[in-house]
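> Okay, handing you the structure first.
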Amino acid sequence: MNLSLLASSIAESPTLRLNALAKSMLAQGAPVIHLGGGEPKNKAPQSAIAAAEAYLNTGDVKYTPSAGTLSLRKAVGDYTEANYGRKVAVENIIISAGAKQTLYNLLFTLVNPGDEVIVPAPYWVSYPEMVRMVGGVPVTVASGEETHVPRAEELLAAVTARTKAILINSPNNPSGAMYPAELVEEVVRFCERKGIWLIADDIYHKLVFDGKTAPNPLGFTDKDSESTHVIVINAVSKIYGMTGFRIGWAVAPKPIIAIMNNIQSATTSCNSGVLMAAAEGALKGPQEGVREMVSMLENNRNTMLKALAEIPGVHVVKPQGTFYCLPDFSLYQKDSLALCNFLLEKVFVVTVPGKEFGAEGRLRLSYCGSAEEVAEGVARIRWALDPSAPKEIRIGGKTAVRDW
Ligand code: PMP
Ligand code: GLU
């Protein structure tokens with residue numbers, strides 16, 4: 001078939017593929033432990049459900065303004081002021097179908113064919129694909145293996161005359177690393193000086209552990225909302241565990257939002273009013289749920305680290321946020337896809353190959369399930385890999401014998 005070469009070159013999201021696979025294996029009764037997931041197991045906040053219900057009950061569910069309802073954009077403005085110390089106008093805000101579509105529309109708005117977008121590794125799997133989809137060239141920059149944080153001089157040395165943007169995600173999917181404030185500040189100041197866009201994907205900015213807070217990229221700029229080159233992306237997906245509601249946003253100078261609005265109006269028209277009402281409900285409602293989720297995730301992170309420490313030779317950088325970590329399994333298997341398939345087949349544990357995130361030899365393990373699942377999943381991995389572990393274990397009520 002004579003199809004678009006660019007479109008045909010775009011890979012399926014491996015995280016979503018593995019999510020679907022885990023669900024279908026579970027539905028067929030396989031004793032799956034899902035350490036591949038990218039969504040917390042909480043229920044949506046009551047305030048979100050009540051707001052969506054009230055909207056739905058009006059029966060008046062129609063097209064909405066392309067950039068999002070005024071009331072949700074105002075709520076995002078309030079969120080930005082409360083969390084980033086920045087007063088922004090509604091014209092600085094656009095609502096889209098999750099952080100994913102927001103990012104895509106933003107890259108489409110910024111990038112000309114051949115423009116480079118710098119993406120520090122390890123990176124979220126969809127960034128390079130999205131950059132390529134809009135005709136850009138993703139330029140990855142390796143991070144220190146001991147921290148998963150890029151060095152400022154290496155990051156900035158990757159800048160060329162074609163660099164349009166630097167895309168950072170901290171706290172980071174897949175490593176859980178949080179970039180130090182000094183690094184974020186240096187990159188912000190560099191971008192402001194050079195007129196390069198700094199895209200901060202802040203989708204995990206509230207899911208931070210050990211009483212810390214994530215550095216605020218907007219806090220390091222002296223420029224106002226119109227002349228800054230710092231653009232913040234966020235969503236209700238992770239902070240409130242509302243992945244299925246598909247609501248995210250960008251905060252950017254007005255001309256950028258105006259173009260993103262045109263793109264959205266020409267493609268998806270607008271977001272669902274029901275889902276925007278839910279997002280507004282979450283933003284305006286009680287925030288205890290976020291604190292509870294952080295403490296649950298921090299506890300799970302500790303369980304994960306303790307369980308991983310039981311596997312000889314596996315090193316992991318302690319995550320400071322998110323619900324992921326990126327342990328190094330290269331002592332056992334350097335090919336992370338082969339290891340992921342092996343673990344799925346032998347012990348029904350879903351993981352994501354580090355290769356997908358620019359971190360071959362590692363696996364992304366998520367701890368957004370229950371602490372029991374985390375402990376059991378890692379124990380099964382240990383059993384599968386470690387010849388000194390007992391020859392038999394119980395998996396899903398059956399005795400499994402290691403014969404490899
Ligand atoms: N950015 C990062 C770093 C993510 O991990 C994800 C999803 N896990 C997204 C963006 C997309 O989020 P959403 O579900 O809001 O589209
Ligand atoms: N982003 C989440 C993850 O990394 C969910 C899947 C996706 O959006 O690709 O697992």
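Labels for the structure tokens follow display order: chains A, B, ..., residues from 1 in each chain, ligands from 1.
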Could you list, with a cut-off of 6 Å and counting only C-alpha atoms and all ligand atoms, the residues of chain A near ligand 2, each shown with its nearest atom pair and the distance in Å rounded to one decimal, rows sorted by chain and ascending number, as a tab-separated table?

```
residue	atom	partner	partner_atom_place_in_ligand_line	distance
A:Ser13	CA	ligand 2	9 (O)	5.5
A:Thr15	CA	ligand 2	10 (O)	4.7
A:Leu16	CA	ligand 2	6 (C)	4.8
A:Gly37	CA	ligand 2	10 (O)	5.3
A:Gly38	CA	ligand 2	10 (O)	3.4
```
> Can you pull out every residue within 10 Å of range 169-173 of chain A, counting only C-alpha atoms, but drop anything in the same chain fewer than 2 positions away, and send it as a PyMOL selection string?
chain A and resi 38+119-125+148-149+167+175-180+184+199-208+213-215+233+319-326+357+364+366
> Which of these, A:Ala235, A:Leu103, A:Val374, A:Met1, has the shortest distance to Ala307 in chain A once you count only C-alpha atoms?
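Nearest to Ala307 in chain A: A:Val374.
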> If you count only C-alpha atoms, which residues fall within 7 Å of range 76-86 of chain A, apart from same-chain ones fewer than 5 positions away, as a list in words?
Asn216, Leu218 and Gly219 of chain A
> Would you please give, as an NGL selection string, all residues of range 200-327 of chain A that DSSP assigns to alpha helix (DSSP H) based on the backbone?
:A and (254-267 or 273-284 or 288-309)
> Quick one: distance from CA of Leu5 in chain A to CA of Thr140 in chain A in Å, one decimal?
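Going from CA of Leu5 in chain A over to CA of Thr140 in chain A covers 22.6 Å.
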> Do a neighbour search on Asn341 in chain A at 12 Å with only C-alpha atoms, toss out local chain neighbours closer than 2 positions, and write the hits as an mmCIF file with C-alpha atoms, in the first residue's frame.

```
data_model
loop_
_atom_site.group_PDB
_atom_site.id
_atom_site.type_symbol
_atom_site.label_atom_id
_atom_site.label_comp_id
_atom_site.auth_asym_id
_atom_site.auth_seq_id
_atom_site.Cartn_x
_atom_site.Cartn_y
_atom_site.Cartn_z
ATOM 1 C CA LEU A 18 1.628 -3.297 27.314
ATOM 2 C CA LEU A 21 -1.840 -6.661 26.950
ATOM 3 C CA GLN A 333 20.287 -9.359 30.325
ATOM 4 C CA ASP A 335 18.529 -6.585 25.834
ATOM 5 C CA SER A 336 15.637 -5.011 27.749
ATOM 6 C CA LEU A 337 12.963 -6.115 25.275
ATOM 7 C CA ALA A 338 14.113 -9.730 25.571
ATOM 8 C CA LEU A 339 14.061 -9.412 29.371
ATOM 9 C CA LEU A 343 9.453 -11.952 32.533
ATOM 10 C CA LEU A 344 6.007 -11.774 31.006
ATOM 11 C CA GLU A 345 6.181 -15.325 29.722
ATOM 12 C CA LYS A 346 7.795 -16.967 32.747
ATOM 13 C CA VAL A 347 6.363 -15.086 35.728
ATOM 14 C CA PHE A 348 3.503 -12.988 34.283
ATOM 15 C CA VAL A 349 5.090 -9.700 35.322
ATOM 16 C CA VAL A 350 4.529 -6.761 32.974
ATOM 17 C CA THR A 351 7.442 -4.326 32.719
ATOM 18 C CA VAL A 352 8.448 -1.797 30.054
ATOM 19 C CA PRO A 353 11.804 -2.197 28.263
ATOM 20 C CA LEU A 363 13.405 -1.879 32.845
ATOM 21 C CA ILE A 381 11.462 -11.115 38.914
#
```
> Would you mind listing what lies within 8 Å of Val141 in chain A as a PyMOL selection string, with only C-alpha atoms counted and same-chain residues fewer than 2 positions away left out?
chain A and resi 118-121+139+143+150+154-155+158
> Restricting the calculation to only C-alpha atoms and all ligand atoms, which member of A:Leu6, A:Val232, A:Ala252, A:Ala165 is positioned closest to ligand 1?
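Closest to ligand 1, using only C-alpha atoms and all ligand atoms: A:Val232.
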> Need the shell around Arg362 in chain A: protein/DNA/RNA residues with any atom at most 8 Å away, counting only C-alpha atoms. Skip same-chain ones fewer than 5 positions apart. Format as a list in words?
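Once the nearby chain positions are removed, what remains is Leu326, Pro327, Asp328, Phe329, Ser330, Lys334, Ser336, Pro353, Gly354 and Lys355 of chain A.
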> Just list as an MDAnalysis selection string whatever in range 66-242 of chain A DSSP marks as strand (DSSP E or B).
chainID A and resid 93:96 116:120 137:141 163:169 197:201 208 230:235
> Counting only C-alpha atoms, figure out which residue out of A:Gly396, A:Asn299, A:Pro174, A:Ile95 gets nearest to Ala30 in chain A.
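The answer is A:Gly396, which sits nearest to Ala30 in chain A.
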> Choose the residue, out of A:Thr303, A:Asn2, A:Thr399, A:Ser370, that has the smallest atom-to-atom separation from Asn42 in chain A; count only C-alpha atoms.
A:Ser370
> Write out as a list of chain:residue names the residues lying within 8 Å of Pro128 in chain A, counting only C-alpha atoms and excluding same-chain residues fewer than 2 positions away.
A:Val119, A:Val125, A:Ser126, A:Met130, A:Val131, A:Arg132, A:Val137, A:Pro138
> Could those selected residues go to a file with C-alpha atoms, as a PDB file, in the first residue's frame?

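Full text of part.pdb as output:
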```
ATOM      1  CA  VAL A 119      15.195  15.649  24.648  1.00  0.00           C
ATOM      2  CA  VAL A 125       8.633   7.225  25.041  1.00  0.00           C
ATOM      3  CA  SER A 126       6.297   9.465  23.018  1.00  0.00           C
ATOM      4  CA  MET A 130       5.858  13.370  18.405  1.00  0.00           C
ATOM      5  CA  VAL A 131       8.823  15.491  17.335  1.00  0.00           C
ATOM      6  CA  ARG A 132       9.225  13.361  14.222  1.00  0.00           C
ATOM      7  CA  VAL A 137      14.442  16.048  14.582  1.00  0.00           C
ATOM      8  CA  PRO A 138      14.659  14.724  18.150  1.00  0.00           C
TER       9      PRO A 138
END
```
> Return the single residue from A:Leu331, A:Ala67, A:Ile168, A:Ala400 that is closest to Asp386 in chain A, with distances computed using only C-alpha atoms.
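Answer, going by the shortest atom-to-atom distance: A:Leu331.
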> CA of Gly241 in chain A and atom 15 (O, counted along the ligand's line) of ligand 1, how far apart in Å?
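Interatomic distance here is 9.8 Å.
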